[in-house]
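Heads up: the structure comes next, in structure tokens.
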Amino acid sequence: MLKVTAGSDVAVSGRSVITAARGSAYETKTSRSVALLIRLRTVRLPVTASAAPGASLCFSVVLCVPGGLPGQTGSRFSGFLSVFSGSQRRCLPRAGAPRAACSGRWSGFMCGWEPRREPPHPANPRDAVEAGELRPLYMDFQATTPMDPRVLDAMLPYQVNFYGNPHSRTHAYGWESEGAMERARKQQVADLIAADPREIIFTSGATESNNMAIKGVARFYRAKKRHVITTQTEHKCVLDSCRVLEAEGFDVTYLPVQKNGLVDLELLERSIRPDTSLVSVMAVNNEIGVKQPIKEIGRLCRSKGVFFHTDAAQAVGKIPLNVTASNIDLMSISGHKIYGPKGVGALYVRRRPRVRLEPLQNGGGQERGLRSGTVPTPLAVGLGAACLIAQQEMQYDHHRVSMLANRLVQKIMLELPDVVMNGDPEQRYPGCVNLSFAYVEGESLLMALKDVALSSGSACTSASLEPSYVLRAIGADEDLAHSSIRFGIGRFTTEEEVDYTAEKCIQQVTRLREMSPLWEMVQEGINLKSINWTQH
């Protein structure tokens, strides 16, 4: 009999079978002579005297085989372990499974292991990535973030055990799910932004939230107000929503931004008209990381009697936000930007003074009638857990991300000349670093840095070969806009990853510049702007 406690590394000989769960300790039996290392990662366990028969406790584990199984060196297992009180579940490879095939994914809550054979080594690097054999370092945290294991731990029970419809009011299954959903709404999402829980509307993500806010407000008040204001550097879903309104007869003003990416408050004030219903300005830009003066914009809009919406997908959980202090009337939130699950987000809609929306979809009248449809309880719980963790660790994360970002920028700029940081150097979120490398094509650099996951702009527009519209809006030269790379740093980024990325970037930029005739001309003192280029 072997006792395994939370956070410990324990060597277990053979197949491990869970037989009991009491408090934060687990007892396991072993029946084979293959040594396995079980590491309980980020375990959040209820402290109870005992667990009722049939109850389940879920947590994440990583299993490593020291020295590997016979015939398979360095085997590594990862998955989820469910603990059943009063019953036994096998939690390692099934008896009789080929030893060379003991590599795969846990089949989820039932803890069955599904062995699979590794495919032959692909010749195409992309195929190798898809096969899981080649994994670049992840430095693209503005596109999405990996789910925090603690978020997954919170979600798992509601995926398989507490599966009731949260809108079913006649039985315990519905009550359990509704309780979990409302706890996520009140104690986690609402508390993070200092809002009333009744002001939180669960959605499928920030894109839906932005569409609901912009189209909903404009259409509800269109009888008296038909003017909307936004900026040229907003996310594409905001810009496209405004274009839809223009097609419906609304007047939209797209404000230019200054060279540093910030909104000119005086220009904004002059642009507000008596028939302006809404001003929409992004809190933190997803490409250059610039933080807009949200409090000043909110104060201005409130004084003019205009509703203020902010797309805070890149800001919530990363910088402190208070919707009351900032006079924010509507705010969009995304789950997968704050280490939560994909497919869930939220829209904050102020109740006093009340903001009215015309819903985009109709049905059962869920979410105050603004967003009909069954709320996915596991995703709502995951968003709540992500917000709770972000609130607890925001200060530490911000300090650490700032340190890593400064380390990256200093290493690159000390070694490479003609590197430009895009956006305001002070008013910015440090985890989003956008650099332009003069005389280097950004796409070529991305190809050269294939072992680091980076991007040249927003993931929503990365398929386009056109230079970033955000960089063009801040007045970046066409060649510098084409040579930009966005480095995303987050909670799980390490110093070693930052150092490796900086070294590879320096190495590849130097190599590409040596191949560039433009770089050679600059080294000879030729001013490229003075050349009259012709097309053939």
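By convention in this document, the chains of the structure tokens carry letters A, B, ... by their order, each chain's residues are numbered from 1, and ligands are numbered from 1 in the order they are shown.
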So which bits of segment 273-517 of chain A end up alpha helix (DSSP H) when you DSSP the backbone, as a PyMOL selection string? chain A and resi 294-304+377-415+442-448+469-473+478-482+495-514+517
Could you check how far atom CA of Gln314 of chain A sits from atom CA of Pro376 of chain A, in Å to one decimal?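 Separation of atom CA of Gln314 of chain A and atom CA of Pro376 of chain A: 22.7 Å.
Secondary structure by DSSP on the backbone puts the following residues of segment 281-433 of chain A in strand (DSSP E or B): Val284, Val290, Lys291, Phe307, Phe308, His309, Thr310, Asp311, Leu330, Met331, Ser332, Ile333, Ser334, Gly345, Ala346, Leu347, Tyr348, Val349, Val419, Val420, Met421, Arg428, Cys432 and Val433 of chain A.
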Restrict the selected residues to N, CA, C and O atoms and save them as an mmCIF file, in the first residue's frame.
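Below you can see result34.cif, which holds the result:
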```cif
data_model
loop_
_atom_site.group_PDB
_atom_site.id
_atom_site.type_symbol
_atom_site.label_atom_id
_atom_site.label_comp_id
_atom_site.auth_asym_id
_atom_site.auth_seq_id
_atom_site.Cartn_x
_atom_site.Cartn_y
_atom_site.Cartn_z
ATOM 1 N N VAL A 284 -6.476 47.192 -24.677
ATOM 2 C CA VAL A 284 -5.087 46.857 -25.011
ATOM 3 C C VAL A 284 -5.079 46.294 -26.420
ATOM 4 O O VAL A 284 -5.813 45.341 -26.712
ATOM 5 N N VAL A 290 -0.525 48.418 -27.033
ATOM 6 C CA VAL A 290 -0.728 49.761 -26.491
ATOM 7 C C VAL A 290 -1.967 49.786 -25.595
ATOM 8 O O VAL A 290 -3.020 49.272 -25.959
ATOM 9 N N LYS A 291 -1.827 50.417 -24.420
ATOM 10 C CA LYS A 291 -2.952 50.590 -23.495
ATOM 11 C C LYS A 291 -3.576 51.970 -23.723
ATOM 12 O O LYS A 291 -2.904 52.988 -23.584
ATOM 13 N N PHE A 307 -22.662 56.091 -24.620
ATOM 14 C CA PHE A 307 -22.221 54.821 -24.061
ATOM 15 C C PHE A 307 -20.794 54.507 -24.520
ATOM 16 O O PHE A 307 -20.421 54.791 -25.666
ATOM 17 N N PHE A 308 -20.024 53.893 -23.604
ATOM 18 C CA PHE A 308 -18.624 53.561 -23.887
ATOM 19 C C PHE A 308 -18.434 52.054 -23.815
ATOM 20 O O PHE A 308 -18.676 51.433 -22.777
ATOM 21 N N HIS A 309 -18.001 51.460 -24.934
ATOM 22 C CA HIS A 309 -17.689 50.036 -24.998
ATOM 23 C C HIS A 309 -16.194 49.861 -25.194
ATOM 24 O O HIS A 309 -15.561 50.591 -25.968
ATOM 25 N N THR A 310 -15.609 48.886 -24.497
ATOM 26 C CA THR A 310 -14.195 48.574 -24.707
ATOM 27 C C THR A 310 -14.013 47.074 -24.908
ATOM 28 O O THR A 310 -14.600 46.259 -24.180
ATOM 29 N N ASP A 311 -13.235 46.733 -25.914
ATOM 30 C CA ASP A 311 -12.837 45.346 -26.152
ATOM 31 C C ASP A 311 -11.632 45.076 -25.256
ATOM 32 O O ASP A 311 -10.523 45.519 -25.544
ATOM 33 N N LEU A 330 -19.966 48.948 -21.431
ATOM 34 C CA LEU A 330 -19.952 47.597 -21.999
ATOM 35 C C LEU A 330 -18.492 47.152 -22.138
ATOM 36 O O LEU A 330 -17.635 47.938 -22.552
ATOM 37 N N MET A 331 -18.229 45.887 -21.806
ATOM 38 C CA MET A 331 -16.860 45.366 -21.887
ATOM 39 C C MET A 331 -16.883 43.927 -22.383
ATOM 40 O O MET A 331 -17.657 43.102 -21.894
ATOM 41 N N SER A 332 -16.028 43.626 -23.354
ATOM 42 C CA SER A 332 -15.929 42.281 -23.921
ATOM 43 C C SER A 332 -14.782 41.517 -23.285
ATOM 44 O O SER A 332 -13.687 42.062 -23.107
ATOM 45 N N ILE A 333 -15.033 40.241 -22.966
ATOM 46 C CA ILE A 333 -14.061 39.380 -22.292
ATOM 47 C C ILE A 333 -13.939 38.070 -23.064
ATOM 48 O O ILE A 333 -14.936 37.551 -23.576
ATOM 49 N N SER A 334 -12.716 37.538 -23.145
ATOM 50 C CA SER A 334 -12.470 36.267 -23.827
ATOM 51 C C SER A 334 -11.818 35.287 -22.872
ATOM 52 O O SER A 334 -10.871 35.642 -22.156
ATOM 53 N N GLY A 345 -16.771 33.344 -23.415
ATOM 54 C CA GLY A 345 -16.393 34.713 -23.089
ATOM 55 C C GLY A 345 -17.524 35.347 -22.310
ATOM 56 O O GLY A 345 -18.435 34.660 -21.829
ATOM 57 N N ALA A 346 -17.475 36.656 -22.192
ATOM 58 C CA ALA A 346 -18.521 37.352 -21.454
ATOM 59 C C ALA A 346 -18.641 38.774 -21.971
ATOM 60 O O ALA A 346 -17.696 39.333 -22.545
ATOM 61 N N LEU A 347 -19.814 39.342 -21.764
ATOM 62 C CA LEU A 347 -20.056 40.751 -22.063
ATOM 63 C C LEU A 347 -20.591 41.410 -20.797
ATOM 64 O O LEU A 347 -21.602 40.968 -20.238
ATOM 65 N N TYR A 348 -19.891 42.437 -20.358
ATOM 66 C CA TYR A 348 -20.388 43.244 -19.244
ATOM 67 C C TYR A 348 -21.330 44.301 -19.811
ATOM 68 O O TYR A 348 -20.980 45.027 -20.745
ATOM 69 N N VAL A 349 -22.550 44.383 -19.254
ATOM 70 C CA VAL A 349 -23.557 45.360 -19.684
ATOM 71 C C VAL A 349 -24.046 46.093 -18.440
ATOM 72 O O VAL A 349 -24.687 45.488 -17.565
ATOM 73 N N VAL A 419 16.351 48.198 -35.332
ATOM 74 C CA VAL A 419 15.179 47.481 -34.825
ATOM 75 C C VAL A 419 14.269 48.505 -34.163
ATOM 76 O O VAL A 419 14.718 49.295 -33.334
ATOM 77 N N VAL A 420 13.009 48.505 -34.533
ATOM 78 C CA VAL A 420 12.051 49.504 -34.043
ATOM 79 C C VAL A 420 10.960 48.807 -33.248
ATOM 80 O O VAL A 420 10.381 47.818 -33.711
ATOM 81 N N MET A 421 10.669 49.325 -32.040
ATOM 82 C CA MET A 421 9.534 48.828 -31.262
ATOM 83 C C MET A 421 8.305 49.638 -31.649
ATOM 84 O O MET A 421 8.302 50.861 -31.565
ATOM 85 N N ARG A 428 1.794 50.552 -22.386
ATOM 86 C CA ARG A 428 1.687 49.300 -23.105
ATOM 87 C C ARG A 428 1.600 48.146 -22.117
ATOM 88 O O ARG A 428 2.037 48.258 -20.959
ATOM 89 N N CYS A 432 3.124 41.941 -24.799
ATOM 90 C CA CYS A 432 2.966 42.035 -26.256
ATOM 91 C C CYS A 432 4.070 42.927 -26.796
ATOM 92 O O CYS A 432 4.042 44.151 -26.634
ATOM 93 N N VAL A 433 5.061 42.328 -27.448
ATOM 94 C CA VAL A 433 6.219 43.057 -27.982
ATOM 95 C C VAL A 433 6.196 42.947 -29.500
ATOM 96 O O VAL A 433 6.312 41.855 -30.054
#
```
Of A:Gly363, A:Pro136, A:Pro417, A:Gly384, the one nearest to Met181 of chain A when counting only C-alpha atoms is A:Gly384
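Among A:Leu268, A:Leu414, A:Val323, A:Ile506, the residue with the shortest atom-to-atom distance to Leu255 of chain A, counting only C-alpha atoms, is A:Leu268.
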With a distance cut-off of 8 Å and only C-alpha atoms, select the neighbouring residues of segment 196-201 of chain A, excluding the residue or stretch itself and same-chain residues fewer than 2 positions from it, and output the selection as a VMD selection string. chain A and resid 185 to 186 189 to 191 194 203 346 to 351 367 to 368 370 to 371
At a cut-off of 10 Å, using only C-alpha atoms, what residues contact Gly289 of chain A? Leave out same-chain residues fewer than 4 positions from it and give the result as a CSV table (one decimal) with N, CA and C atoms, in the first residue's frame.
```
chain,number,residue,atom,x,y,z
A,142,GLN,N,-0.6,36.3,-27.4
A,142,GLN,CA,-1.7,37.2,-27.8
A,142,GLN,C,-2.7,36.5,-28.7
A,261,GLY,N,0.2,55.1,-31.2
A,261,GLY,CA,-0.9,54.2,-31.1
A,261,GLY,C,-2.0,54.6,-30.2
A,283,ALA,N,-9.1,48.3,-25.1
A,283,ALA,CA,-8.3,48.6,-23.9
A,283,ALA,C,-6.8,48.4,-24.2
A,284,VAL,N,-6.5,47.2,-24.7
A,284,VAL,CA,-5.1,46.9,-25.0
A,284,VAL,C,-5.1,46.3,-26.4
A,285,ASN,N,-4.3,46.9,-27.3
A,285,ASN,CA,-4.2,46.4,-28.7
A,285,ASN,C,-3.6,45.1,-28.8
A,314,GLN,N,-7.7,41.5,-24.4
A,314,GLN,CA,-6.2,41.4,-24.1
A,314,GLN,C,-5.9,42.1,-22.8
A,315,ALA,N,-6.9,42.6,-22.1
A,315,ALA,CA,-6.6,43.4,-20.9
A,315,ALA,C,-7.1,42.7,-19.6
A,422,ASN,N,7.3,49.0,-32.1
A,422,ASN,CA,6.0,49.6,-32.5
A,422,ASN,C,5.1,49.9,-31.3
A,423,GLY,N,4.6,51.1,-31.3
A,423,GLY,CA,3.7,51.4,-30.2
A,423,GLY,C,4.4,52.2,-29.1
A,424,ASP,N,3.6,52.8,-28.2
A,424,ASP,CA,4.1,53.6,-27.1
A,424,ASP,C,5.0,52.8,-26.2
A,425,PRO,N,6.2,53.3,-25.9
A,425,PRO,CA,7.1,52.5,-25.1
A,425,PRO,C,6.7,52.4,-23.6
A,427,GLN,N,3.0,53.4,-22.3
A,427,GLN,CA,1.6,53.0,-22.1
A,427,GLN,C,1.4,51.7,-23.0
A,428,ARG,N,1.8,50.6,-22.4
A,428,ARG,CA,1.7,49.3,-23.1
A,428,ARG,C,1.6,48.1,-22.1
A,429,TYR,N,1.0,47.0,-22.6
A,429,TYR,CA,1.1,45.8,-21.8
A,429,TYR,C,2.4,45.1,-22.2
A,430,PRO,N,3.3,44.8,-21.2
A,430,PRO,CA,4.6,44.3,-21.6
A,430,PRO,C,4.7,43.0,-22.3
A,431,GLY,N,3.6,42.2,-22.1
A,431,GLY,CA,3.7,40.8,-22.7
A,431,GLY,C,3.5,40.8,-24.2
A,432,CYS,N,3.1,41.9,-24.8
A,432,CYS,CA,3.0,42.0,-26.3
A,432,CYS,C,4.1,42.9,-26.8
A,433,VAL,N,5.1,42.3,-27.4
A,433,VAL,CA,6.2,43.1,-28.0
A,433,VAL,C,6.2,42.9,-29.5
A,434,ASN,N,6.0,44.1,-30.2
A,434,ASN,CA,6.0,44.1,-31.6
A,434,ASN,C,7.2,44.9,-32.1
A,486,ARG,N,5.5,39.8,-33.9
A,486,ARG,CA,4.9,40.0,-32.6
A,486,ARG,C,5.4,38.9,-31.7
A,488,GLY,N,4.8,37.2,-28.1
A,488,GLY,CA,3.9,37.1,-27.0
A,488,GLY,C,4.4,36.4,-25.8
```
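From atom CA of Val217 of chain A back to atom CA of Ile229 of chain A, the distance works out to 12.4 Å.
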Contacts of segment 297-304 of chain A within 6 Å, only C-alpha atoms, excl. fewer than 6 positions in-chain, as a ChimeraX atom specification: /A:326-328
I want to know what sits within 9 Å of segment 161-172 of chain A, based on only C-alpha atoms, with residues of the same chain fewer than 4 positions away left out; could you give that as a ChimeraX atom specification? /A:56,109,156-157,176-181,366,374-378
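For the choices A:Gln507, A:Thr207, A:Thr324, A:Asn527, the atom-to-atom distance to Ile294 of chain A is smallest for A:Thr324 when using only C-alpha atoms.
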Excluding same-chain residues fewer than 6 positions from Arg243 of chain A, what lies within 12 Å of it counting only C-alpha atoms, as a short mmCIF file (atom, residue, chain, number, x, y, z; two decimals) with all heavy atoms, in the first residue's frame?
```
data_model
loop_
_atom_site.label_atom_id
_atom_site.label_comp_id
_atom_site.auth_asym_id
_atom_site.auth_seq_id
_atom_site.Cartn_x
_atom_site.Cartn_y
_atom_site.Cartn_z
N ASN A 211 -19.75 41.99 -31.21
CA ASN A 211 -20.90 42.10 -32.12
C ASN A 211 -22.16 42.48 -31.35
O ASN A 211 -22.94 43.34 -31.80
CB ASN A 211 -21.10 40.79 -32.87
CG ASN A 211 -20.26 40.67 -34.12
OD1 ASN A 211 -20.72 40.96 -35.22
ND2 ASN A 211 -19.00 40.27 -33.96
N ILE A 214 -21.81 46.36 -30.07
CA ILE A 214 -21.84 47.41 -31.10
C ILE A 214 -23.14 47.40 -31.87
O ILE A 214 -23.84 48.42 -31.98
CB ILE A 214 -20.62 47.24 -32.03
CG1 ILE A 214 -19.33 47.47 -31.25
CG2 ILE A 214 -20.71 48.20 -33.21
CD1 ILE A 214 -18.08 47.07 -31.98
N LYS A 215 -23.51 46.25 -32.41
CA LYS A 215 -24.76 46.17 -33.17
C LYS A 215 -25.97 46.34 -32.26
O LYS A 215 -26.96 46.99 -32.63
CB LYS A 215 -24.83 44.84 -33.90
CG LYS A 215 -23.76 44.64 -34.96
CD LYS A 215 -23.85 43.24 -35.55
CE LYS A 215 -22.74 42.98 -36.56
NZ LYS A 215 -22.75 41.59 -37.06
N VAL A 228 -21.83 56.19 -34.62
CA VAL A 228 -20.94 55.37 -33.80
C VAL A 228 -19.50 55.80 -34.05
O VAL A 228 -19.14 56.13 -35.19
CB VAL A 228 -21.12 53.86 -34.12
CG1 VAL A 228 -20.09 53.01 -33.38
CG2 VAL A 228 -22.52 53.40 -33.79
N ILE A 229 -18.68 55.78 -33.01
CA ILE A 229 -17.27 56.15 -33.12
C ILE A 229 -16.41 54.98 -32.70
O ILE A 229 -16.67 54.33 -31.67
CB ILE A 229 -16.94 57.38 -32.24
CG1 ILE A 229 -17.75 58.59 -32.68
CG2 ILE A 229 -15.45 57.70 -32.29
CD1 ILE A 229 -17.57 59.80 -31.78
N THR A 230 -15.37 54.69 -33.47
CA THR A 230 -14.37 53.69 -33.09
C THR A 230 -13.02 54.17 -33.62
O THR A 230 -12.90 55.30 -34.08
CB THR A 230 -14.74 52.30 -33.65
OG1 THR A 230 -13.85 51.33 -33.10
CG2 THR A 230 -14.66 52.27 -35.16
N LYS A 236 -10.54 43.23 -35.83
CA LYS A 236 -11.31 43.13 -37.07
C LYS A 236 -12.80 42.92 -36.82
O LYS A 236 -13.64 43.39 -37.60
CB LYS A 236 -10.75 41.98 -37.92
CG LYS A 236 -11.17 42.04 -39.38
CD LYS A 236 -10.44 40.99 -40.20
CE LYS A 236 -10.72 41.16 -41.68
NZ LYS A 236 -12.16 40.98 -41.99
N CYS A 237 -13.17 42.22 -35.77
CA CYS A 237 -14.60 41.98 -35.53
C CYS A 237 -15.31 43.28 -35.17
O CYS A 237 -16.51 43.44 -35.47
CB CYS A 237 -14.80 40.93 -34.44
SG CYS A 237 -14.25 41.41 -32.80
N GLY A 249 -27.19 52.02 -42.82
CA GLY A 249 -27.51 53.44 -42.82
C GLY A 249 -26.93 54.23 -41.66
O GLY A 249 -27.19 55.44 -41.55
N PHE A 250 -26.15 53.60 -40.80
CA PHE A 250 -25.52 54.32 -39.70
C PHE A 250 -24.29 55.08 -40.19
O PHE A 250 -23.68 54.72 -41.20
CB PHE A 250 -25.10 53.35 -38.59
CG PHE A 250 -26.24 52.78 -37.81
CD1 PHE A 250 -26.90 51.63 -38.24
CD2 PHE A 250 -26.67 53.39 -36.64
CE1 PHE A 250 -27.94 51.10 -37.52
CE2 PHE A 250 -27.73 52.85 -35.91
CZ PHE A 250 -28.37 51.71 -36.36
N ASP A 251 -23.93 56.12 -39.45
CA ASP A 251 -22.73 56.90 -39.75
C ASP A 251 -21.65 56.48 -38.76
O ASP A 251 -21.86 56.58 -37.53
CB ASP A 251 -23.03 58.39 -39.63
CG ASP A 251 -21.89 59.25 -40.13
OD1 ASP A 251 -20.94 58.69 -40.73
OD2 ASP A 251 -21.94 60.48 -39.93
N VAL A 252 -20.52 56.02 -39.25
CA VAL A 252 -19.43 55.55 -38.39
C VAL A 252 -18.20 56.41 -38.62
O VAL A 252 -17.79 56.64 -39.76
CB VAL A 252 -19.09 54.07 -38.66
CG1 VAL A 252 -17.95 53.61 -37.75
CG2 VAL A 252 -20.31 53.18 -38.45
N THR A 253 -17.60 56.88 -37.53
CA THR A 253 -16.34 57.63 -37.58
C THR A 253 -15.21 56.72 -37.11
O THR A 253 -15.25 56.22 -35.98
CB THR A 253 -16.41 58.88 -36.68
OG1 THR A 253 -17.44 59.75 -37.15
CG2 THR A 253 -15.08 59.62 -36.70
N TYR A 254 -14.22 56.53 -37.98
CA TYR A 254 -13.04 55.71 -37.64
C TYR A 254 -11.90 56.68 -37.29
O TYR A 254 -11.26 57.28 -38.17
CB TYR A 254 -12.63 54.82 -38.81
CG TYR A 254 -13.70 53.84 -39.24
CD1 TYR A 254 -14.61 54.17 -40.25
CD2 TYR A 254 -13.81 52.59 -38.63
CE1 TYR A 254 -15.59 53.27 -40.64
CE2 TYR A 254 -14.80 51.69 -39.02
CZ TYR A 254 -15.68 52.04 -40.03
OH TYR A 254 -16.66 51.16 -40.43
#
```
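Coordinates place atom CA of Asp451 of chain A at a distance of 28.4 Å from atom CA of Asp477 of chain A.
Closest approach to Arg491 of chain A among A:Leu152, A:Leu192, A:Ala313, A:Ile389: A:Ile389, based on only C-alpha atoms.
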